[in-house]
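Everything below concerns the one structure shown next.
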Amino acid sequence: MTPPINDAPVTQPSRDQILASSAGWVAVLLNVVPGLGAGYLYQRRWTAYWITSALATAWFVAGAVLAQDMDAASELQNQVVGLAGLLALSGSTAAEAGFALKRVRSKLG
């Protein structure tokens with residue numbers, strides 16, 4: 001019979017430990033490039049991801065509803081407003097992901 005290697009109980013890392021161990025630049029980049037909160041998936045922050053997904057979906061739906069029966073000039077303006085909204089969403093989620101990582105790392109020391 002082989003003796004056990006380690007009798008210490010196996011514990012799962014806490015939510016803060018998981019977040020603190022993530023690379024901040026990866027989370028920020030994943031939130032900027034697709035703009036849909038993929039950095040939150042990397043950080044395992046499910047609530048923030050679902051909120052971002054809901055906001056992006058609402059923005060797409062609002063753009064589609066407002067684009068009905070538009071002329072060409074109004075359609076171009078609608079596309080610019082839609083793109084600006086998605087850029088604002090990706091920028092704000094990227095900044096928030098970076099700040100959350102910084103906050104948790106300073107808390108854990």
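Residue numbering restarts at 1 for every chain of the structure tokens, chains are lettered A, B, ... in their displayed order, and ligands are numbered from 1 as they appear.
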
Query raised in the report: Can you tell me, as a PyMOL selection string, what residues are no more than 8 Å from segment 38-47 of chain A when counting only C-alpha atoms, ignoring any on the same chain fewer than 2 positions away?
Result: chain A and resi 18-19+22+26-31+34-36+49-51+94+97

Export, as a PDB file, in the first residue's frame, the selected residues with N, CA and C atoms.
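This went into selection25.pdb:
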ATOM      1  N   ILE A  18      -8.655  34.324  -7.392  1.00  0.00           N
ATOM      2  CA  ILE A  18      -8.728  34.045  -8.824  1.00  0.00           C
ATOM      3  C   ILE A  18      -8.569  35.337  -9.614  1.00  0.00           C
ATOM      4  N   LEU A  19      -9.285  36.374  -9.188  1.00  0.00           N
ATOM      5  CA  LEU A  19      -9.202  37.661  -9.879  1.00  0.00           C
ATOM      6  C   LEU A  19      -7.797  38.241  -9.778  1.00  0.00           C
ATOM      7  N   SER A  22      -5.194  36.815 -12.226  1.00  0.00           N
ATOM      8  CA  SER A  22      -5.352  37.044 -13.658  1.00  0.00           C
ATOM      9  C   SER A  22      -4.434  38.166 -14.122  1.00  0.00           C
ATOM     10  N   VAL A  26      -4.584  41.239 -20.129  1.00  0.00           N
ATOM     11  CA  VAL A  26      -5.410  40.309 -20.903  1.00  0.00           C
ATOM     12  C   VAL A  26      -6.889  40.650 -20.717  1.00  0.00           C
ATOM     13  N   ALA A  27      -7.293  40.907 -19.487  1.00  0.00           N
ATOM     14  CA  ALA A  27      -8.696  41.244 -19.212  1.00  0.00           C
ATOM     15  C   ALA A  27      -9.082  42.543 -19.906  1.00  0.00           C
ATOM     16  N   VAL A  28      -8.202  43.543 -19.848  1.00  0.00           N
ATOM     17  CA  VAL A  28      -8.496  44.828 -20.499  1.00  0.00           C
ATOM     18  C   VAL A  28      -8.578  44.647 -22.012  1.00  0.00           C
ATOM     19  N   LEU A  29      -7.615  43.937 -22.588  1.00  0.00           N
ATOM     20  CA  LEU A  29      -7.602  43.727 -24.040  1.00  0.00           C
ATOM     21  C   LEU A  29      -8.832  42.950 -24.507  1.00  0.00           C
ATOM     22  N   LEU A  30      -9.222  41.931 -23.750  1.00  0.00           N
ATOM     23  CA  LEU A  30     -10.401  41.150 -24.137  1.00  0.00           C
ATOM     24  C   LEU A  30     -11.693  41.960 -24.011  1.00  0.00           C
ATOM     25  N   ASN A  31     -11.717  42.950 -23.145  1.00  0.00           N
ATOM     26  CA  ASN A  31     -12.907  43.798 -23.056  1.00  0.00           C
ATOM     27  C   ASN A  31     -12.910  44.867 -24.143  1.00  0.00           C
ATOM     28  N   PRO A  34     -13.189  42.659 -28.575  1.00  0.00           N
ATOM     29  CA  PRO A  34     -14.540  42.333 -29.030  1.00  0.00           C
ATOM     30  C   PRO A  34     -15.577  43.321 -28.519  1.00  0.00           C
ATOM     31  N   GLY A  35     -15.296  43.967 -27.392  1.00  0.00           N
ATOM     32  CA  GLY A  35     -16.225  44.952 -26.847  1.00  0.00           C
ATOM     33  C   GLY A  35     -17.457  44.365 -26.196  1.00  0.00           C
ATOM     34  N   LEU A  36     -17.440  43.083 -25.918  1.00  0.00           N
ATOM     35  CA  LEU A  36     -18.628  42.433 -25.363  1.00  0.00           C
ATOM     36  C   LEU A  36     -18.376  41.773 -24.013  1.00  0.00           C
ATOM     37  N   TYR A  49     -20.123  40.118 -16.695  1.00  0.00           N
ATOM     38  CA  TYR A  49     -20.264  39.675 -18.085  1.00  0.00           C
ATOM     39  C   TYR A  49     -21.719  39.737 -18.546  1.00  0.00           C
ATOM     40  N   TRP A  50     -22.635  39.232 -17.727  1.00  0.00           N
ATOM     41  CA  TRP A  50     -24.033  39.213 -18.133  1.00  0.00           C
ATOM     42  C   TRP A  50     -24.618  40.628 -18.212  1.00  0.00           C
ATOM     43  N   ILE A  51     -24.184  41.515 -17.338  1.00  0.00           N
ATOM     44  CA  ILE A  51     -24.641  42.905 -17.419  1.00  0.00           C
ATOM     45  C   ILE A  51     -24.147  43.535 -18.716  1.00  0.00           C
ATOM     46  N   ALA A  94     -13.439  47.859 -20.083  1.00  0.00           N
ATOM     47  CA  ALA A  94     -11.998  47.632 -19.993  1.00  0.00           C
ATOM     48  C   ALA A  94     -11.419  48.367 -18.786  1.00  0.00           C
ATOM     49  N   ALA A  97     -12.525  46.590 -15.566  1.00  0.00           N
ATOM     50  CA  ALA A  97     -11.818  45.331 -15.340  1.00  0.00           C
ATOM     51  C   ALA A  97     -10.425  45.603 -14.764  1.00  0.00           C
TER      52      ALA A  97
END

Query - Minimum-distance residue to Gly109 of chain A, chosen among A:Thr11, A:Gln17, A:Gln79, A:Thr52 (using only C-alpha atoms) - result: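 Distance minimum relative to Gly109 of chain A lands on A:Gln17.
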
Query raised in the report: Please, which residues of segment 13-86 of chain A, numbered as in this document, come out alpha helix (DSSP H) from DSSP, as a count of residues only?
Result: 58

Query - Separation of atom CA of Gly37 of chain A from atom CA of Phe60 of chain A, in Å and rounded to one decimal - result: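 It comes out at 15.0 Å.
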
Requested in this report: Find, counting only C-alpha atoms, the residue in A:Val81, A:Ser14, A:Val33, A:Ala48 that gets nearest to Ala100 of chain A.
Outcome: A:Ala48

Query raised in the report: What separation in Å, quoted to one decimal, exists between atom CA of Leu101 of chain A and atom CA of Ala20 of chain A?
Result: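 A separation of 6.0 Å between them.
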
**Report entry** Selected residue of minimal separation from Leu86 of chain A among A:Ser74, A:Ser53, A:Ser106, A:Gln68, counting only C-alpha atoms
**Finding:**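 For Leu86 of chain A, the nearest of the given residues is A:Ser53.
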
Report task. Find the spatial neighbours of Glu75 of chain A, counting only C-alpha atoms, within a cut-off of 12 Å - ignore same-chain residues fewer than 5 positions away - and output them as a list in words. Result -> Gly63, Ala64, Val65, Leu66, Ala67, Gln68, Asp69, Met70, Val80, Val81 and Gly82 of chain A

Just to be explicit: take each residue in the selection above, keep N, CA and C atoms, and write the result as an mmCIF file, in the first residue's frame.
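Resulting contents of selection.cif:
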data_model
loop_
_atom_site.group_PDB
_atom_site.id
_atom_site.type_symbol
_atom_site.label_atom_id
_atom_site.label_comp_id
_atom_site.auth_asym_id
_atom_site.auth_seq_id
_atom_site.Cartn_x
_atom_site.Cartn_y
_atom_site.Cartn_z
ATOM 1 N N GLY A 63 -30.786 50.099 -31.770
ATOM 2 C CA GLY A 63 -30.335 50.545 -33.091
ATOM 3 C C GLY A 63 -31.168 49.968 -34.218
ATOM 4 N N ALA A 64 -31.548 48.699 -34.098
ATOM 5 C CA ALA A 64 -32.365 48.065 -35.130
ATOM 6 C C ALA A 64 -33.760 48.668 -35.172
ATOM 7 N N VAL A 65 -34.329 48.950 -34.009
ATOM 8 C CA VAL A 65 -35.672 49.531 -33.957
ATOM 9 C C VAL A 65 -35.661 50.950 -34.521
ATOM 10 N N LEU A 66 -34.659 51.721 -34.156
ATOM 11 C CA LEU A 66 -34.572 53.101 -34.625
ATOM 12 C C LEU A 66 -34.204 53.203 -36.098
ATOM 13 N N ALA A 67 -33.597 52.154 -36.658
ATOM 14 C CA ALA A 67 -33.168 52.185 -38.055
ATOM 15 C C ALA A 67 -34.294 51.872 -39.037
ATOM 16 N N GLN A 68 -35.435 51.483 -38.542
ATOM 17 C CA GLN A 68 -36.542 51.152 -39.442
ATOM 18 C C GLN A 68 -37.027 52.407 -40.160
ATOM 19 N N ASP A 69 -37.238 52.288 -41.486
ATOM 20 C CA ASP A 69 -37.777 53.355 -42.326
ATOM 21 C C ASP A 69 -36.941 54.634 -42.273
ATOM 22 N N MET A 70 -35.612 54.501 -42.281
ATOM 23 C CA MET A 70 -34.730 55.669 -42.287
ATOM 24 C C MET A 70 -34.203 55.911 -43.691
ATOM 25 N N VAL A 80 -23.147 55.688 -36.849
ATOM 26 C CA VAL A 80 -22.107 56.365 -36.078
ATOM 27 C C VAL A 80 -22.465 56.376 -34.592
ATOM 28 N N VAL A 81 -23.719 56.642 -34.270
ATOM 29 C CA VAL A 81 -24.160 56.626 -32.869
ATOM 30 C C VAL A 81 -24.043 55.214 -32.299
ATOM 31 N N GLY A 82 -24.400 54.205 -33.070
ATOM 32 C CA GLY A 82 -24.280 52.818 -32.618
ATOM 33 C C GLY A 82 -22.837 52.428 -32.353
#

Query raised in the report: In Å, with one decimal, what is the gap from atom CA of Gly85 of chain A to atom CA of Trp25 of chain A?
Result: 22.6 Å
